[in-house]
Structures are given as C-alpha cells and as structure tokens.
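Coordinates as given in final27.txt (compact mmCIF, C-alpha atoms):
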# COMPACT_ATOMS: atom_id res chain seq x y z
CA MET A 1010 213.08 168.02 222.05
CA ASN A 1011 212.55 171.51 223.44
CA SER A 1012 209.07 172.58 224.47
CA LEU A 1013 207.93 175.84 222.90
CA LYS A 1014 204.85 176.48 225.02
CA ASN A 1015 205.85 179.91 226.36
CA VAL A 1016 207.94 181.98 223.96
CA VAL A 1017 209.03 185.61 223.89
CA ILE A 1018 209.72 187.15 220.48
CA PHE A 1019 211.77 190.32 220.10
CA GLY A 1020 211.26 192.18 216.84
CA ALA A 1021 207.97 190.37 216.48
CA THR A 1022 206.54 192.50 213.68
CA SER A 1023 209.31 191.63 211.22
CA ALA A 1024 208.07 189.42 208.40
CA ILE A 1025 209.98 186.31 209.51
CA ALA A 1026 209.09 186.74 213.18
CA GLU A 1027 205.40 187.28 212.44
CA GLN A 1028 205.22 184.09 210.40
CA THR A 1029 207.07 182.26 213.18
CA ALA A 1030 204.56 183.59 215.72
CA ARG A 1031 201.60 182.39 213.67
CA GLN A 1032 203.07 178.91 213.33
CA LEU A 1033 203.91 178.73 217.04
CA VAL A 1034 200.35 179.72 217.95
CA ALA A 1035 199.03 177.04 215.59
CA GLN A 1036 201.11 174.54 217.57
CA GLY A 1037 199.59 175.68 220.87
CA ALA A 1038 202.19 178.14 222.14
CA SER A 1039 201.56 181.19 224.29
CA LEU A 1040 203.51 184.26 223.15
CA TYR A 1041 204.84 187.56 224.41
CA CYS A 1042 205.66 189.77 221.43
CA VAL A 1043 207.84 192.88 221.47
CA GLY A 1044 207.82 195.32 218.58
CA ARG A 1045 208.63 198.96 217.90
CA ASN A 1046 205.62 199.97 215.80
CA LYS A 1047 202.51 200.22 218.01
CA GLU A 1048 199.97 199.93 215.19
CA LYS A 1049 201.65 196.93 213.59
CA LEU A 1050 202.12 195.19 216.94
CA THR A 1051 198.49 195.78 217.98
CA ALA A 1052 197.23 194.39 214.68
CA MET A 1053 199.53 191.39 214.99
CA LEU A 1054 198.43 190.61 218.56
CA ASP A 1055 194.77 190.88 217.57
CA ASP A 1056 195.36 188.45 214.71
CA LEU A 1057 197.21 185.98 216.93
CA ARG A 1058 194.46 186.07 219.57
CA VAL A 1059 191.92 185.09 216.93
CA ARG A 1060 194.10 182.13 215.99
CA ALA A 1061 194.85 181.08 219.59
CA GLY A 1062 192.88 178.68 221.77
CA ASP A 1063 191.23 179.54 225.06
CA GLN A 1064 194.19 178.31 227.10
CA GLN A 1065 196.79 180.27 225.16
CA LYS A 1066 198.05 183.70 226.22
CA ILE A 1067 198.97 186.34 223.67
CA GLU A 1068 200.57 189.44 225.18
CA GLY A 1069 203.10 192.04 224.14
CA SER A 1070 204.85 195.36 224.60
CA VAL A 1071 205.90 198.26 222.41
CA ALA A 1072 209.62 199.00 222.78
CA ASP A 1073 212.61 200.32 220.90
CA LEU A 1074 215.05 197.46 221.32
CA THR A 1075 218.05 199.66 220.60
CA ASP A 1076 217.44 201.02 224.12
CA SER A 1077 219.16 198.26 226.07
CA SER A 1078 218.00 199.71 229.39
CA GLN A 1079 214.54 198.29 228.66
CA HIS A 1080 215.65 194.73 228.03
CA ALA A 1081 215.63 193.34 231.57
CA GLN A 1082 212.14 194.67 232.24
CA LEU A 1083 210.82 193.27 228.95
CA ILE A 1084 212.09 189.79 229.83
CA ALA A 1085 210.59 190.08 233.32
CA SER A 1086 207.25 191.19 231.87
CA ALA A 1087 207.23 188.30 229.43
CA GLU A 1088 207.86 185.79 232.19
CA GLN A 1089 205.23 187.38 234.42
CA GLN A 1090 202.56 187.43 231.71
CA LEU A 1091 203.21 183.89 230.46
CA GLY A 1092 204.01 182.34 233.83
CA ALA A 1093 207.29 180.87 232.53
CA LEU A 1094 209.67 181.11 229.59
CA ASP A 1095 211.01 178.12 227.74
CA GLY A 1096 211.94 179.81 224.47
CA ALA A 1097 213.09 183.14 223.07
CA LEU A 1098 213.52 184.38 219.51
CA ILE A 1099 215.52 187.55 218.80
CA ALA A 1100 214.54 188.77 215.36
CA HIS A 1101 214.94 192.55 215.23
CA GLY A 1102 217.34 194.30 212.91
CA THR A 1103 217.80 196.49 209.86
CA LEU A 1104 219.46 196.14 206.47
CA PRO A 1105 221.73 199.21 206.26
CA ASP A 1106 222.85 201.09 203.18
CA GLN A 1107 226.53 200.19 202.89
CA GLN A 1108 227.42 203.38 201.01
CA ALA A 1109 225.68 205.54 203.61
CA CYS A 1110 227.58 203.78 206.39
CA GLN A 1111 230.89 204.28 204.61
CA SER A 1112 230.37 208.03 204.33
CA ASP A 1113 228.82 208.57 207.77
CA THR A 1114 230.40 206.82 210.73
CA VAL A 1115 227.55 207.93 213.01
CA LYS A 1116 225.19 205.96 210.76
CA MET A 1117 227.61 203.04 210.82
CA ARG A 1118 227.68 202.98 214.62
CA GLU A 1119 223.88 203.17 214.79
CA GLU A 1120 223.60 200.12 212.53
CA ILE A 1121 226.14 198.18 214.62
CA GLU A 1122 224.17 199.12 217.74
CA THR A 1123 220.90 197.90 216.22
CA ASN A 1124 222.14 194.71 214.57
CA ALA A 1125 224.77 193.62 217.08
CA ILE A 1126 225.01 195.37 220.46
CA SER A 1127 221.28 195.37 221.27
CA VAL A 1128 220.97 191.77 220.13
CA ILE A 1129 223.93 190.64 222.22
CA ASN A 1130 222.60 192.43 225.29
CA LEU A 1131 219.30 190.55 225.00
CA MET A 1132 221.13 187.26 224.50
CA ALA A 1133 223.24 187.86 227.61
CA LEU A 1134 220.22 188.62 229.80
CA LEU A 1135 218.25 185.64 228.47
CA ALA A 1136 221.28 183.39 228.94
CA ASN A 1137 221.50 184.32 232.61
CA ARG A 1138 217.78 183.71 233.10
CA PHE A 1139 217.70 180.35 231.33
CA GLU A 1140 220.93 179.21 232.96
CA GLN A 1141 219.31 179.82 236.32
CA GLN A 1142 216.27 177.69 235.50
CA GLN A 1143 218.39 175.00 233.77
CA TRP A 1144 216.32 174.63 230.62
CA GLY A 1145 215.17 176.53 227.55
CA VAL A 1146 216.22 177.60 224.07
CA ILE A 1147 217.45 180.94 222.78
CA ALA A 1148 217.29 181.52 219.02
CA VAL A 1149 218.79 184.52 217.26
CA ILE A 1150 218.49 185.52 213.63
CA SER A 1151 221.96 186.21 212.27
CA SER A 1152 222.73 186.00 208.53
CA VAL A 1153 224.91 184.33 205.95
CA ALA A 1154 226.38 187.83 205.55
CA GLY A 1155 228.22 187.29 208.83
CA ASP A 1156 230.25 184.38 207.48
CA ARG A 1157 232.68 186.52 205.47
CA GLY A 1158 233.11 190.26 204.98
CA ARG A 1159 232.20 191.44 201.48
CA GLN A 1160 232.47 194.94 200.04
CA SER A 1161 228.75 195.14 199.30
CA ASN A 1162 227.54 194.77 202.91
CA TYR A 1163 230.44 194.48 205.35
CA VAL A 1164 228.89 196.76 207.99
CA TYR A 1165 225.84 194.52 208.18
CA GLY A 1166 228.05 191.45 207.86
CA ALA A 1167 230.32 192.59 210.69
CA ALA A 1168 227.32 193.07 212.99
CA LYS A 1169 225.92 189.66 212.14
CA GLY A 1170 229.33 188.07 212.49
CA MET A 1171 229.54 189.50 216.01
CA VAL A 1172 226.16 187.97 216.84
CA THR A 1173 227.19 184.60 215.42
CA LEU A 1174 230.44 184.50 217.39
CA PHE A 1175 228.73 185.58 220.62
CA ALA A 1176 226.14 182.85 220.13
CA GLN A 1177 228.91 180.28 219.69
CA GLY A 1178 230.34 181.22 223.07
CA LEU A 1179 226.94 181.12 224.76
CA ARG A 1180 226.22 177.73 223.21
CA ASN A 1181 229.43 176.36 224.68
CA ARG A 1182 228.72 177.89 228.09
CA LEU A 1183 225.03 176.96 228.34
CA ALA A 1184 225.30 173.36 227.16
CA LYS A 1185 226.15 172.44 230.73
CA ALA A 1186 222.89 174.05 231.89
CA ASN A 1187 220.67 172.16 229.41
CA VAL A 1188 220.02 175.40 227.49
CA ASP A 1189 220.25 175.43 223.69
CA VAL A 1190 221.45 178.44 221.69
CA VAL A 1191 220.37 178.38 218.06
CA THR A 1192 221.89 180.64 215.40
CA ILE A 1193 219.63 181.11 212.38
CA LYS A 1194 221.44 182.12 209.19
CA PRO A 1195 218.96 183.01 206.45
CA GLY A 1196 220.03 183.74 202.92
CA PHE A 1197 217.90 185.92 200.66
CA VAL A 1198 214.36 186.29 202.06
CA ASP A 1199 211.49 188.12 200.34
CA THR A 1200 210.51 190.61 203.04
CA PRO A 1201 209.79 194.37 203.23
CA MET A 1202 213.39 194.84 204.45
CA THR A 1203 214.65 193.57 201.07
CA ALA A 1204 211.99 195.34 198.99
CA GLU A 1205 214.54 197.37 196.99
CA LEU A 1206 216.65 194.38 195.98
CA ASP A 1207 216.38 192.44 192.74
CA LYS A 1208 214.52 189.23 193.64
CA SER A 1209 214.95 187.35 190.41
CA GLY A 1210 216.65 183.99 190.59
CA PRO A 1211 216.16 180.76 192.53
CA LEU A 1212 217.87 181.71 195.82
CA TRP A 1213 215.02 183.72 197.35
CA ALA A 1214 212.85 182.19 200.08
CA ARG A 1215 209.49 183.11 201.58
CA PRO A 1216 209.23 184.16 205.27
CA GLU A 1217 206.84 181.32 206.10
CA HIS A 1218 209.40 178.75 204.91
CA ILE A 1219 212.12 180.35 207.05
CA ALA A 1220 209.71 180.32 210.00
CA GLU A 1221 209.22 176.56 209.64
CA GLY A 1222 212.99 176.07 209.78
CA ILE A 1223 213.33 178.32 212.83
CA ILE A 1224 210.73 176.40 214.82
CA SER A 1225 212.22 173.04 213.86
CA ALA A 1226 215.72 174.20 214.83
CA MET A 1227 214.50 175.53 218.19
CA GLN A 1228 212.62 172.33 218.98
CA LYS A 1229 215.61 170.15 218.07
CA GLY A 1230 218.15 172.45 219.74
CA LYS A 1231 220.34 172.69 216.66
CA GLY A 1232 223.43 174.90 216.79
CA GLU A 1233 223.82 176.86 213.55
CA VAL A 1234 221.19 176.48 210.86
CA TYR A 1235 221.34 177.81 207.30
CA LEU A 1236 217.92 178.57 205.83
CA PRO A 1237 217.16 177.41 203.24
CA TRP A 1238 219.58 174.52 203.74
CA PHE A 1239 221.49 175.02 200.47
CA TRP A 1240 223.12 178.19 201.80
CA TRP A 1241 225.42 175.95 203.83
CA GLY A 1242 227.08 174.81 200.61
CA ILE A 1243 227.15 178.27 199.07
CA MET A 1244 228.82 179.80 202.12
CA LEU A 1245 231.24 176.88 202.45
CA ILE A 1246 232.57 177.77 199.00
CA ILE A 1247 232.66 181.52 199.71
CA LYS A 1248 234.47 181.04 203.03
CA HIS A 1249 237.18 178.93 201.40
CA ILE A 1250 238.06 181.20 198.48
CA PRO A 1251 241.69 182.23 199.07
CA GLU A 1252 242.02 185.84 200.23
CA THR A 1253 244.35 186.73 197.36
CA ILE A 1254 241.51 185.89 194.96
CA PHE A 1255 238.59 186.96 197.15
CA LYS A 1256 239.73 190.56 197.57
CA ARG A 1257 239.62 191.02 193.78
CA LEU A 1258 236.03 189.84 193.50
CA SER A 1259 233.01 192.16 193.40
CA LEU A 1260 230.78 190.42 195.91
Transcribe the structure of this file into structure tokens.
Amino acid sequence: MNSLKNVVIFGATSAIAEQTARQLVAQGASLYCVGRNKEKLTAMLDDLRVRAGDQQKIEGSVADLTDSSQHAQLIASAEQQLGALDGALIAHGTLPDQQACQSDTVKMREEIETNAISVINLMALLANRFEQQQWGVIAVISSVAGDRGRQSNYVYGAAKGMVTLFAQGLRNRLAKANVDVVTIKPGFVDTPMTAELDKSGPLWARPEHIAEGIISAMQKGKGEVYLPWFWWGIMLIIKHIPETIFKRLSL
C-alpha cells in the first residue's frame, strides 16, 4: 500500500483534481498544488488549508504547464515545501474541438502539446526523481478516448493514447525501483470541461466519485484503471470491433 502523505498535483484546479485534493487532505495528506489560474488556485489553497490539520502543509504555485521549462523547478519546489514526495498526480489538459483541429494544424499541435507532450515531460522528470529515491507513485489522467481513434475526437484520443503508452513503458521500467505508475482512464465526467456536451444517459460520473477511484488506485499501485469500472467492458468491445466495420461507424 502506497503512502500518500506528501503529494504534488499538477492541474490542481481541474474539477477532478480539486475533488482528489480535498479527499487527500481529509485523509491527512500534505499537498503542493500547481494550477494556471491564480484566482482559482488561491481560492482552492485557502479552502484546503481550512480543511487541513495543524501538521499538514498546503502549498502551491501558479504555472502554465505547457511551458515544459518550468517543470523541473516545480517538482523541486514541491519537494522542498513538503519535505519529501511520495505521490504525484498529473491532471491538466483540455478537451479540444475536433473540427477546429482538423481545419487548423497549429491548433492541433497546441492541443497535442497540452494533452501529451507536457504531460509526458512531467512524467519523465518525476520518474527520474522517484527512481532515485526507490519509492513512490505517479498517477496520470489519460482517457478512454486513447484506447481507439474515433472520428469524433481523434486528436484528443491520439494525445491520450500517447500518454497511456508512455505510462506503460514507465510502469515496466520503474517496477524494479518499487515505483508505481498508475494510468487513470475516466469515461464521461460531469465537469466544466464537458459543459457543452449532452449529459443525458447513465454513463456520466461525478468528479468526486472519480477522485475516490484515483486515490484508491494510487494507494494500491494499480496499473491501468477505468473509472467508473464499467468502462473497461465498454472499451473492450470497442477495441475489438473489426476495422472493416469500425471505419464505417459514426463514433
């Protein structure tokens, strides 16, 4: 069972990450939170400090995580402020407009940079740090969209697929160093990022429920986790549809 006493969260002001932070604080964790929006991050840190006990530390930094040159210093600051790091959650990202990405390759590259390259850079730096200390857990939020390319969101899916594959390699490498790498694959989650989508139907989940699954997976050191669990079965079916049939579907 992994200890989650000192955790750094990247993209901390996202709905899922914020709920995860609250639940970690309730379990006694100290946190270092990184977010892009100064007002939202300040409000979040103030809220977490009210919830935290006297022995818990709640710190953070404002940063644009698409600027990979900041990543090493952010990790160093987190470790310095908390005294140690035994867990990391990478939760930043965007949900791009597929049509906009198709018509504007600059936009497409920006979305790949945000959802894949910046995430992978953080994972690589954290992997080196945790490998050196020989313990810890790195969790990254990928998506079920990365399991198979679909016409409706293949730019986003390609970015998440890159993250998933990179995490698989890290998991294989870091197992020898007693470091767990956890890939979180949420399905449909009711967050501000999905505000424009139709949320009717039984497949939508609340951020607080996803947060519970993230913490459990990090503590247990699970490999790939679908949240909610039933997405494992849904994606198993989608992944095994023959290509001759799949390419004719409007998914």
Pairwise distance, atom CA of Gly1196 of chain A with atom CA of Pro1211 of chain A, equals 11.5 Å
Can you work out which one of A:Val1043, A:Ile1223, A:Leu1054, A:Ala1030 has the shortest atom-to-atom distance to Val1146 of chain A, counting only C-alpha atoms?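 With only C-alpha atoms as the atom set, the closest residue is A:Ile1223.
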Of A:Asn1187, A:Ser1039, A:Thr1173, A:Gln1090, the one nearest to Met1132 of chain A when counting all atoms listed in the file is A:Thr1173
Using only C-alpha atoms, what table do you get, as JSON lines, when you list each residue of segment 1026-1121 of chain A with an atom no more than 6 Å from segment 1150-1172 of chain A, its nearest pair of atoms, and their distance in Å rounded to one decimal, rows by chain then rising number?
{"residue": "A:Ala1100", "atom": "CA", "partner": "A:Ile1150", "partner_atom": "CA", "distance": 5.4}
{"residue": "A:Gln1107", "atom": "CA", "partner": "A:Asn1162", "partner_atom": "CA", "distance": 5.5}
{"residue": "A:Ile1121", "atom": "CA", "partner": "A:Ala1168", "partner_atom": "CA", "distance": 5.5}
**Prompt:** Could you work out how far atom CA of Leu1236 of chain A lies from atom CA of Glu1221 of chain A, giving the answer in Å with one decimal?
**Reply:**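 Computing it gives 9.7 Å between the two atoms.
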Margin query: Show me, as a PyMOL selection string, the residues that have an atom within 9 Å of segment 1102-1106 of chain A when counting all atoms listed in the file, minus same-chain residues fewer than 6 positions from it.
Written below: chain A and resi 1020+1023+1116-1117+1120+1123-1125+1128+1150+1162+1164-1165+1202-1203
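Protein and nucleic acid residues near (215.9, 172.0, 216.7) are A:Met1010, A:Asn1011, A:Val1146, A:Ala1148, A:Asp1189, A:Val1190, A:Val1191, A:Gly1222, A:Ile1223, A:Ile1224, A:Ser1225, A:Ala1226, A:Met1227, A:Gln1228, A:Lys1229, A:Gly1230, A:Lys1231, A:Gly1232, A:Glu1233, A:Val1234, the criterion being any atom at most 10 Å away using all atoms listed in the file.
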From atom CA of Gly1069 of chain A to atom CA of His1101 of chain A the spacing works out at 14.8 Å
request  = Find the residues near Thr1022 of chain A: any atom within 12 Å, counting all atoms listed in the file, skip ones fewer than 6 places away on the same chain, and give them as a PyMOL selection string.
outcome  = chain A and resi 1028-1031+1041-1054+1056-1057+1069-1072+1099-1102+1200-1202
Give, as JSON, the centre coordinates and the x, y and z edge lengths in Å to one decimal for an axis-aligned box around all listed atoms of segment 1072-1082 of chain A, padded by 3 Å on each side.
{"center_x": 214.4, "center_y": 197.2, "center_z": 226.4, "size_x": 15.5, "size_y": 13.7, "size_z": 17.6}
Residues around (217.4, 185.7, 227.5), cut-off 12 Å, counting all atoms listed in the file - what are they as a PDB file with C-alpha atoms, keeping the file's coordinate frame?
ATOM      1  CA  VAL A1016     207.940 181.980 223.960  1.00  0.00           C
ATOM      2  CA  VAL A1017     209.030 185.610 223.890  1.00  0.00           C
ATOM      3  CA  ILE A1018     209.720 187.150 220.480  1.00  0.00           C
ATOM      4  CA  PHE A1019     211.770 190.320 220.100  1.00  0.00           C
ATOM      5  CA  HIS A1080     215.650 194.730 228.030  1.00  0.00           C
ATOM      6  CA  ALA A1081     215.630 193.340 231.570  1.00  0.00           C
ATOM      7  CA  GLN A1082     212.140 194.670 232.240  1.00  0.00           C
ATOM      8  CA  LEU A1083     210.820 193.270 228.950  1.00  0.00           C
ATOM      9  CA  ILE A1084     212.090 189.790 229.830  1.00  0.00           C
ATOM     10  CA  ALA A1085     210.590 190.080 233.320  1.00  0.00           C
ATOM     11  CA  ALA A1087     207.230 188.300 229.430  1.00  0.00           C
ATOM     12  CA  GLU A1088     207.860 185.790 232.190  1.00  0.00           C
ATOM     13  CA  LEU A1094     209.670 181.110 229.590  1.00  0.00           C
ATOM     14  CA  ASP A1095     211.010 178.120 227.740  1.00  0.00           C
ATOM     15  CA  GLY A1096     211.940 179.810 224.470  1.00  0.00           C
ATOM     16  CA  ALA A1097     213.090 183.140 223.070  1.00  0.00           C
ATOM     17  CA  LEU A1098     213.520 184.380 219.510  1.00  0.00           C
ATOM     18  CA  ILE A1099     215.520 187.550 218.800  1.00  0.00           C
ATOM     19  CA  VAL A1128     220.970 191.770 220.130  1.00  0.00           C
ATOM     20  CA  ILE A1129     223.930 190.640 222.220  1.00  0.00           C
ATOM     21  CA  ASN A1130     222.600 192.430 225.290  1.00  0.00           C
ATOM     22  CA  LEU A1131     219.300 190.550 225.000  1.00  0.00           C
ATOM     23  CA  MET A1132     221.130 187.260 224.500  1.00  0.00           C
ATOM     24  CA  ALA A1133     223.240 187.860 227.610  1.00  0.00           C
ATOM     25  CA  LEU A1134     220.220 188.620 229.800  1.00  0.00           C
ATOM     26  CA  LEU A1135     218.250 185.640 228.470  1.00  0.00           C
ATOM     27  CA  ALA A1136     221.280 183.390 228.940  1.00  0.00           C
ATOM     28  CA  ASN A1137     221.500 184.320 232.610  1.00  0.00           C
ATOM     29  CA  ARG A1138     217.780 183.710 233.100  1.00  0.00           C
ATOM     30  CA  PHE A1139     217.700 180.350 231.330  1.00  0.00           C
ATOM     31  CA  GLU A1140     220.930 179.210 232.960  1.00  0.00           C
ATOM     32  CA  GLN A1141     219.310 179.820 236.320  1.00  0.00           C
ATOM     33  CA  GLN A1142     216.270 177.690 235.500  1.00  0.00           C
ATOM     34  CA  TRP A1144     216.320 174.630 230.620  1.00  0.00           C
ATOM     35  CA  GLY A1145     215.170 176.530 227.550  1.00  0.00           C
ATOM     36  CA  VAL A1146     216.220 177.600 224.070  1.00  0.00           C
ATOM     37  CA  ILE A1147     217.450 180.940 222.780  1.00  0.00           C
ATOM     38  CA  ALA A1148     217.290 181.520 219.020  1.00  0.00           C
ATOM     39  CA  VAL A1149     218.790 184.520 217.260  1.00  0.00           C
ATOM     40  CA  ALA A1176     226.140 182.850 220.130  1.00  0.00           C
ATOM     41  CA  LEU A1179     226.940 181.120 224.760  1.00  0.00           C
ATOM     42  CA  LEU A1183     225.030 176.960 228.340  1.00  0.00           C
ATOM     43  CA  VAL A1188     220.020 175.400 227.490  1.00  0.00           C
ATOM     44  CA  ASP A1189     220.250 175.430 223.690  1.00  0.00           C
ATOM     45  CA  VAL A1190     221.450 178.440 221.690  1.00  0.00           C
TER      46      VAL A1190
END
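If you measure from each of A:Ile1250, A:Leu1174, A:Ile1193, A:Ala1035 to Pro1237 of chain A using all atoms listed in the file, the closest one turns out to be A:Ile1193.
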- Considering only C-alpha atoms, state which residue in the set A:Ala1021, A:Leu1074, A:Leu1091, A:Ala1220 is at the smallest distance from Leu1033 of chain A.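 Result for the nearest residue to Leu1033 of chain A: A:Ala1220.
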